[in-house]
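**Q** The file below is target.txt, compact mmCIF, C-alpha atoms:
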# COMPACT_ATOMS: atom_id res chain seq x y z
CA MET A 1 15.91 -3.41 -2.72
CA THR A 2 16.25 0.38 -2.98
CA GLU A 3 17.45 2.52 -0.09
CA ALA A 4 13.97 4.03 0.27
CA ALA A 5 12.42 0.57 0.53
CA LYS A 6 14.98 -0.76 2.97
CA GLN A 7 13.32 -2.04 6.13
CA PRO A 8 14.36 -0.56 9.49
CA LEU A 9 16.69 -2.41 11.82
CA LEU A 10 13.99 -2.45 14.51
CA ASP A 11 10.26 -1.94 13.98
CA VAL A 12 8.03 -1.84 17.07
CA HIS A 13 4.34 -1.96 16.19
CA ASP A 14 1.41 -1.57 18.62
CA LEU A 15 3.42 -2.91 21.57
CA ARG A 16 1.31 -3.53 24.67
CA THR A 17 2.99 -4.58 27.93
CA HIS A 18 0.70 -4.82 30.95
CA PHE A 19 1.25 -5.69 34.61
CA HIS A 20 -1.59 -7.56 36.29
CA THR A 21 -1.46 -6.60 39.98
CA PHE A 22 -3.82 -6.97 42.94
CA GLY A 23 -4.64 -3.29 42.56
CA GLY A 24 -5.60 -3.62 38.92
CA THR A 25 -4.02 -3.87 35.49
CA VAL A 26 -1.22 -1.40 34.87
CA LYS A 27 -1.04 -0.70 31.13
CA ALA A 28 2.56 0.48 31.26
CA VAL A 29 2.94 0.31 27.47
CA ASN A 30 -0.33 0.53 25.62
CA GLY A 31 0.01 0.64 21.84
CA VAL A 32 3.50 2.04 21.27
CA SER A 33 4.88 2.07 17.71
CA PHE A 34 8.19 3.35 16.33
CA ASP A 35 11.10 2.22 14.19
CA ILE A 36 14.83 2.82 14.13
CA ALA A 37 17.18 2.66 11.17
CA GLU A 38 20.74 1.35 11.08
CA GLY A 39 23.15 3.91 12.54
CA GLU A 40 20.34 6.05 13.97
CA VAL A 41 19.95 7.40 17.51
CA MET A 42 16.36 7.66 18.72
CA GLY A 43 15.40 9.37 21.96
CA LEU A 44 12.55 7.85 23.98
CA VAL A 45 11.37 10.67 26.24
CA GLY A 46 8.81 11.26 28.98
CA GLU A 47 8.24 11.65 32.71
CA SER A 48 8.92 8.82 35.15
CA GLY A 49 6.22 6.18 34.88
CA GLY A 50 5.51 6.92 31.22
CA GLY A 51 6.60 3.46 30.08
CA LYS A 52 10.02 4.27 28.60
CA SER A 53 12.06 1.67 30.44
CA VAL A 54 9.35 -0.96 30.01
CA VAL A 55 9.65 -0.52 26.23
CA GLY A 56 13.39 -1.25 26.48
CA PHE A 57 12.88 -4.29 28.69
CA SER A 58 10.14 -5.55 26.37
CA ILE A 59 12.48 -5.41 23.37
CA LEU A 60 14.97 -7.61 25.20
CA GLY A 61 12.31 -9.97 26.58
CA LEU A 62 13.09 -9.00 30.17
CA ILE A 63 9.49 -8.66 31.39
CA ASP A 64 8.87 -10.81 34.48
CA SER A 65 5.59 -11.75 36.14
CA PRO A 66 3.17 -10.10 36.84
CA GLY A 67 4.14 -8.31 33.63
CA LYS A 68 3.31 -9.69 30.20
CA ILE A 69 3.58 -8.57 26.60
CA GLU A 70 -0.09 -8.69 25.65
CA GLY A 71 0.25 -7.86 21.99
CA GLY A 72 2.09 -6.14 19.19
CA GLN A 73 5.26 -6.89 17.29
CA ILE A 74 8.97 -6.22 17.90
CA LEU A 75 10.61 -6.89 14.55
CA LEU A 76 14.41 -7.17 14.43
CA ASP A 77 15.30 -7.46 10.75
CA GLY A 78 11.82 -8.87 10.24
CA GLU A 79 12.06 -11.46 13.06
CA ASP A 80 9.34 -11.01 15.69
CA LEU A 81 11.03 -11.06 19.10
CA VAL A 82 7.65 -11.29 20.85
CA LYS A 83 7.32 -14.80 19.45
CA ALA A 84 10.97 -15.76 20.03
CA GLY A 85 11.75 -18.36 22.70
CA GLU A 86 14.07 -17.75 25.63
CA ALA A 87 16.96 -19.62 23.97
CA ARG A 88 16.76 -17.35 20.93
CA LEU A 89 16.49 -14.23 23.10
CA ARG A 90 19.66 -15.25 24.97
CA GLU A 91 21.45 -15.40 21.63
CA ILE A 92 20.21 -11.92 20.74
CA ARG A 93 20.99 -10.25 24.07
CA GLY A 94 24.54 -8.95 24.02
CA ARG A 95 25.25 -10.01 20.44
CA GLU A 96 22.49 -8.23 18.48
CA ILE A 97 21.00 -5.96 21.16
CA SER A 98 22.65 -4.81 24.38
CA MET A 99 21.52 -2.56 27.20
CA VAL A 100 23.20 0.11 29.29
CA PHE A 101 21.26 0.04 32.55
CA GLN A 102 20.48 3.09 34.66
CA ASP A 103 22.53 2.22 37.74
CA PRO A 104 25.96 0.66 37.07
CA MET A 105 26.25 -0.60 40.65
CA THR A 106 23.20 -2.82 40.22
CA SER A 107 24.11 -3.98 36.70
CA LEU A 108 27.68 -4.95 37.61
CA ASN A 109 28.26 -7.99 39.81
CA PRO A 110 30.17 -6.83 42.93
CA LEU A 111 31.58 -10.35 43.48
CA HIS A 112 33.42 -10.58 40.16
CA SER A 113 36.20 -8.48 38.68
CA VAL A 114 35.47 -6.19 35.77
CA GLY A 115 37.69 -8.37 33.56
CA ARG A 116 35.74 -11.53 34.37
CA GLN A 117 32.42 -9.83 33.59
CA MET A 118 33.71 -8.50 30.28
CA ASP A 119 35.27 -11.84 29.36
CA GLU A 120 31.94 -13.59 29.95
CA VAL A 121 30.31 -11.53 27.21
CA LEU A 122 32.92 -12.60 24.68
CA ARG A 123 32.84 -16.23 25.79
CA LEU A 124 29.09 -16.30 25.14
CA HIS A 125 29.02 -14.27 21.95
CA SER A 126 32.31 -14.81 20.12
CA ASP A 127 34.71 -17.56 19.03
CA LEU A 128 37.81 -15.78 20.36
CA ASP A 129 40.37 -17.66 22.44
CA ALA A 130 41.34 -16.49 25.94
CA GLN A 131 44.25 -14.33 24.80
CA ALA A 132 42.21 -12.64 22.08
CA ARG A 133 39.35 -12.01 24.52
CA HIS A 134 41.76 -10.39 26.98
CA SER A 135 43.18 -8.15 24.27
CA ALA A 136 39.67 -7.17 23.18
CA CYS A 137 38.71 -6.27 26.76
CA VAL A 138 41.82 -4.11 27.21
CA GLU A 139 41.20 -2.35 23.91
CA MET A 140 37.55 -1.67 24.77
CA LEU A 141 38.35 -0.23 28.22
CA GLU A 142 40.94 2.05 26.64
CA SER A 143 38.44 3.14 23.98
CA VAL A 144 36.00 4.34 26.68
CA GLY A 145 38.71 6.35 28.40
CA ILE A 146 39.85 4.06 31.22
CA SER A 147 43.63 4.24 31.66
CA ARG A 148 45.84 1.35 32.84
CA ALA A 149 43.26 -0.98 31.31
CA THR A 150 45.21 -4.19 31.87
CA GLU A 151 45.49 -3.41 35.58
CA ARG A 152 41.88 -2.24 35.90
CA LEU A 153 40.54 -5.51 34.49
CA ARG A 154 41.55 -7.10 37.79
CA ALA A 155 39.66 -4.50 39.83
CA TYR A 156 36.14 -4.86 41.23
CA PRO A 157 33.22 -2.45 40.63
CA HIS A 158 33.48 -0.82 44.08
CA GLN A 159 37.05 0.25 43.21
CA PHE A 160 35.77 2.52 40.43
CA SER A 161 34.10 5.94 40.67
CA GLY A 162 30.52 6.37 39.45
CA GLY A 163 31.66 7.78 36.12
CA MET A 164 34.19 5.00 35.64
CA ARG A 165 31.59 2.33 36.46
CA GLN A 166 29.29 3.78 33.80
CA ARG A 167 32.18 3.65 31.32
CA VAL A 168 32.64 -0.02 32.18
CA VAL A 169 28.92 -0.68 31.62
CA ILE A 170 29.15 1.03 28.22
CA ALA A 171 32.26 -0.99 27.37
CA ILE A 172 30.44 -4.23 28.20
CA ALA A 173 27.45 -3.18 26.10
CA LEU A 174 29.71 -2.49 23.10
CA LEU A 175 32.02 -5.46 23.52
CA ALA A 176 30.25 -7.94 21.24
CA ARG A 177 29.61 -5.19 18.66
CA PRO A 178 25.80 -5.27 18.89
CA ARG A 179 23.74 -3.63 16.19
CA LEU A 180 21.39 -1.92 18.66
CA ILE A 181 22.13 -0.43 22.08
CA ILE A 182 19.34 0.50 24.50
CA ALA A 183 20.64 3.08 26.97
CA ASP A 184 18.28 3.44 29.95
CA GLU A 185 18.92 6.79 31.68
CA PRO A 186 22.69 6.25 31.30
CA THR A 187 23.72 9.54 32.95
CA THR A 188 21.07 10.03 35.65
CA ALA A 189 23.34 9.10 38.57
CA LEU A 190 26.27 11.23 37.36
CA ASP A 191 27.20 14.86 37.91
CA VAL A 192 26.87 17.33 35.05
CA THR A 193 30.53 17.28 34.00
CA ILE A 194 30.67 13.48 33.85
CA GLN A 195 27.28 13.42 32.07
CA SER A 196 28.71 15.46 29.21
CA GLN A 197 31.77 13.20 28.94
CA ILE A 198 29.65 10.04 28.89
CA LEU A 199 27.27 11.42 26.24
CA LYS A 200 30.15 12.40 23.95
CA LEU A 201 31.74 9.00 24.54
CA MET A 202 28.56 7.12 23.65
CA ARG A 203 27.95 9.20 20.54
CA ARG A 204 31.51 8.62 19.34
CA GLN A 205 31.43 4.91 20.10
CA ILE A 206 28.20 4.19 18.27
CA ALA A 207 29.42 6.20 15.29
CA GLU A 208 32.66 4.22 15.18
CA LYS A 209 30.94 0.86 15.65
CA GLY A 210 28.09 1.68 13.23
CA ALA A 211 25.49 0.79 15.87
CA SER A 212 22.00 2.18 16.42
CA MET A 213 20.81 3.38 19.83
CA ILE A 214 17.58 3.97 21.73
CA LEU A 215 18.30 6.60 24.39
CA VAL A 216 15.72 6.32 27.18
CA THR A 217 15.55 9.50 29.25
CA HIS A 218 13.28 12.08 30.88
CA ASP A 219 15.76 14.83 30.00
CA LEU A 220 15.09 16.59 26.70
CA ALA A 221 18.29 18.62 27.12
CA VAL A 222 20.27 15.38 27.05
CA VAL A 223 18.39 13.82 24.17
CA SER A 224 18.67 16.99 22.06
CA GLU A 225 22.46 16.54 22.03
CA MET A 226 22.31 12.91 20.97
CA ALA A 227 19.22 11.93 19.01
CA ASP A 228 18.36 12.02 15.32
CA ARG A 229 14.67 11.46 16.10
CA ILE A 230 12.60 11.69 19.28
CA THR A 231 9.54 9.72 20.43
CA VAL A 232 7.63 11.22 23.38
CA LEU A 233 5.64 8.90 25.67
CA TYR A 234 2.90 9.79 28.12
CA CYS A 235 0.97 7.19 30.16
CA GLY A 236 2.22 4.36 27.95
CA ASN A 237 1.26 6.01 24.65
CA VAL A 238 3.18 7.88 21.98
CA VAL A 239 1.99 11.51 22.02
CA GLU A 240 4.53 12.96 19.59
CA ARG A 241 7.45 11.92 17.39
CA GLY A 242 9.63 13.45 14.71
CA ARG A 243 13.10 14.67 13.79
CA ALA A 244 14.90 15.91 16.90
CA ARG A 245 15.59 19.46 15.74
CA GLU A 246 12.04 20.05 14.52
CA LEU A 247 10.50 18.62 17.68
CA ILE A 248 12.75 20.61 20.04
CA GLU A 249 12.38 23.92 18.18
CA ALA A 250 8.61 23.78 17.56
CA PRO A 251 6.74 20.85 19.12
CA ALA A 252 3.14 20.18 18.15
CA HIS A 253 1.95 18.57 21.40
CA PRO A 254 1.36 20.66 24.56
CA TYR A 255 2.99 17.96 26.70
CA THR A 256 6.22 18.14 24.70
CA ARG A 257 6.10 21.93 24.95
CA GLY A 258 5.76 21.58 28.72
CA LEU A 259 8.78 19.28 28.93
CA ILE A 260 10.88 21.72 26.93
CA ASP A 261 9.74 24.74 28.94
CA SER A 262 10.63 22.98 32.20
CA ILE A 263 14.33 22.88 31.22
CA PRO A 264 16.15 25.49 33.36
CA ASP A 265 17.50 28.46 31.38
CA PRO A 266 20.82 29.69 32.84
CA SER A 267 20.32 33.11 31.22
CA ASN A 268 17.12 33.68 33.24
CA ARG A 269 18.43 33.05 36.73
CA HIS A 270 15.74 35.10 38.46
CA GLU A 271 12.77 33.76 36.50
CA ARG A 272 10.56 31.15 38.15
CA LEU A 273 11.06 27.65 36.76
CA LYS A 274 8.13 26.54 34.63
CA GLN A 275 6.43 23.23 35.29
CA ILE A 276 3.63 21.11 33.90
CA PRO A 277 0.65 21.56 36.27
CA GLY A 278 -0.99 18.62 38.03
CA THR A 279 0.23 15.04 38.21
CA VAL A 280 0.28 12.01 35.97
CA PRO A 281 -3.09 10.18 36.26
CA ASP A 282 -3.37 6.74 37.86
CA ILE A 283 -2.31 4.47 35.01
CA ARG A 284 -4.62 1.74 36.37
CA ASN A 285 -7.63 3.99 35.83
CA LEU A 286 -6.94 6.39 32.99
CA PRO A 287 -9.55 9.05 32.15
CA GLN A 288 -11.73 8.85 29.08
CA GLY A 289 -10.48 10.79 26.08
CA CYS A 290 -7.03 12.38 26.20
CA ASN A 291 -4.85 11.21 29.09
CA PHE A 292 -3.19 14.63 29.28
CA ARG A 293 -6.38 16.73 29.27
CA ASP A 294 -6.48 17.46 33.04
CA ARG A 295 -3.00 19.02 32.83
CA CYS A 296 -3.39 20.73 29.46
CA PRO A 297 -4.20 24.47 29.19
CA ARG A 298 -5.62 23.90 25.68
CA ALA A 299 -8.09 21.18 26.66
CA GLN A 300 -11.68 21.52 25.48
CA ALA A 301 -14.82 19.39 25.74
CA LEU A 302 -13.74 17.20 22.81
CA CYS A 303 -10.63 16.15 24.74
CA ALA A 304 -12.78 14.53 27.45
CA GLU A 305 -14.82 12.56 24.93
CA ILE A 306 -12.50 11.22 22.22
CA GLU A 307 -8.97 9.88 22.56
CA PRO A 308 -6.73 11.67 20.04
CA LYS A 309 -4.85 9.50 17.55
CA LEU A 310 -1.32 10.07 16.31
CA SER A 311 -1.55 11.99 13.05
CA ALA A 312 0.81 13.92 10.77
CA GLN A 313 1.23 17.60 11.64
CA ARG A 314 4.02 19.53 9.91
CA GLY A 315 7.38 18.46 8.57
CA SER A 316 8.37 15.18 10.20
CA LEU A 317 6.17 15.71 13.27
CA SER A 318 3.22 13.54 14.25
CA ALA A 319 1.19 14.25 17.40
CA ALA A 320 -1.79 12.79 19.23
CA CYS A 321 -3.64 16.03 19.97
CA HIS A 322 -7.00 17.51 18.96
CA PHE A 323 -5.62 21.07 19.24
CA PRO A 324 -1.91 20.92 18.31
CA LEU A 325 0.43 23.88 18.64
CA ASN A 326 1.55 26.05 15.75
CA PRO A 327 5.26 26.94 15.39
CA GLY A 328 6.26 29.43 18.08
CA GLU A 329 3.00 28.99 19.99
CA SER A 330 3.12 28.33 23.73
CA ALA A 331 0.94 25.75 25.46
Now, as a test, write the supplied structure out as C-alpha cells.
**A**
Amino acid sequence: MTEAAKQPLLDVHDLRTHFHTFGGTVKAVNGVSFDIAEGEVMGLVGESGGGKSVVGFSILGLIDSPGKIEGGQILLDGEDLVKAGEARLREIRGREISMVFQDPMTSLNPLHSVGRQMDEVLRLHSDLDAQARHSACVEMLESVGISRATERLRAYPHQFSGGMRQRVVIAIALLARPRLIIADEPTTALDVTIQSQILKLMRRQIAEKGASMILVTHDLAVVSEMADRITVLYCGNVVERGRARELIEAPAHPYTRGLIDSIPDPSNRHERLKQIPGTVPDIRNLPQGCNFRDRCPRAQALCAEIEPKLSAQRGSLSAACHFPLNPGESA
C-alpha cells in the first residue's frame, strides 16, 4: 500500500450521538465526520455545548443512558468501535486510546495513591512484573516534569497542585503507550503560565511516543499552538475544517472568524473585545436551514431555507456556508 493510499489511524464518519430526555431529543453530535493520521494532532474546536466532548466520549464508548450512538462509524484501523462490545472497548481504552479529562481532581481517585492508580494501568495493559511496572511509573512521572518521582508515587492527588495533578493525568494517559490520546480541555482549570508548560509537555510527549492526539478545546489560541489540522463544531455539526495555519489565518466560515476575533489582543488594550452576537440556539429545537444564521452578519434568505453542506473552499479548507469568506474578509 502506498503512503497516499494509507488509511488513517482513526476515521469518524457521520457520527450521531443523541440524548433522549424528557424535554426532547438533544442531538449533541449530529453527523460529524473527520479523520486523523498517525502522529497527527487535530484540534476539535467550538463553544461549550457544541458537541466536542461528546465526540471524545463516543470514540471511547463512554456514552451512558439517556445518551446513545444512533449511527455512523468510528473506525480504528478499520475496526468499527460503534459495533464493538464492552469487553473489546475495555481492551482498547488505555492501551490503544486514552483520554486526558478536563478536571484532574475528578479523574483521579482521591482514595488511592498516584502510584497505585498508575500501576493499575500497567497491570491491565502490559505483561510487566511489579518491579518493572514501578520503574516505568517512576520514569513516566519524571518525563512529565515531576521531581522526586519515587517519593511522589506514594502521595495522594490532594497533595499535588493543580498543575502537578494535570501532569499526573497526562502521565497516566501516556503510560501504556496508546496510539491515540483524546485531551478534553486539558488546560482549562490552570493558570496561563502552567497552561503553556502543559501544552509544551504534551506536544513533546506525543512527538517522542509517536502518538496521535485529538485536542478538544474552545480556545483557538491554544489549538493554534498545538494542532496540525482543526475541525470546528457548531450545534453538533462540522462547520469548517482544514490545516491549522490556513484556517487560523483566513477562515472561510463566519463562525470560525468570530471565534478568532474574540481572542483578546494584548496590543489593543483599549479596544473593546469582540464577540459573536446572540446565543447558541436550543439544540433540542434547531432552526431550519443554517444553525448559525441568527448570529451571522452575512445571513440571507437562502440561509433560512436550506442547510449548507460541507464543501471544499480554498486550499485545505472546507466549510458549511452558503456565503463563505474570502481571504482577509471580516464576517
**Q** I'd like the neighbourhood of region 126-130 of chain A as a PyMOL selection string, where a residue qualifies if any of its atoms comes within 12 Å (using all atoms listed in the file), though same-chain residues fewer than 2 positions away should be ignored.
**A** chain A and resi 91+94-96+115-116+118-124+132-137+175-178
**Q** Could you name the residues that touch Lys274 (chain A) at 10 Å or less, counting all atoms listed in the file, but leaving out those on the same chain fewer than 4 positions away, as a list in words?
**A**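 What passes the distance filter is Gly258, Leu259, Ile260, Asp261, Ser262, Ile263 and Pro264 of chain A.
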**Q** Based on the selection just made, write C-alpha atoms of those residues as a compact mmCIF listing (two decimals), keeping the file's coordinate frame.
**A**
# COMPACT_ATOMS: atom_id res chain seq x y z
CA GLY A 258 5.76 21.58 28.72
CA LEU A 259 8.78 19.28 28.93
CA ILE A 260 10.88 21.72 26.93
CA ASP A 261 9.74 24.74 28.94
CA SER A 262 10.63 22.98 32.20
CA ILE A 263 14.33 22.88 31.22
CA PRO A 264 16.15 25.49 33.36
**Q** Between A:Asp77, A:Glu86, A:Glu151, A:Glu47, which has the minimum distance to Asp219 (chain A) (counting all atoms listed in the file)?
**A** A:Glu47
**Q** Can you list, as a list in words, every protein, DNA or RNA residue that comes within 10 Å of region 60-67 of chain A when you count all atoms listed in the file, leaving out same-chain residues fewer than 5 positions away?
**A**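 Using all atoms listed in the file, the neighbours found are Thr17, His18, Phe19, His20, Thr21, Phe22, Thr25, Val26, Lys27, Ala28, Val54, Val55, Ile74, Leu81, Val82, Lys83, Ala84, Gly85, Glu86, Leu89, Arg90, Ile92, Arg93, Gly94, Ile97, Ser98, Met99 and Ile182 of chain A.
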**Q** So the first atom is CA of Met213 (chain A) and the second is CA of Val232 (chain A); what is the distance between them in Å, to one decimal place?
**A** 15.7 Å
**Q** Name the closest residue to Glu208 (chain A) among the candidates A:Asn285, A:Ser143, A:Ala301, A:Pro157; distances are taken between atoms, counting only C-alpha atoms.
**A** A:Ser143
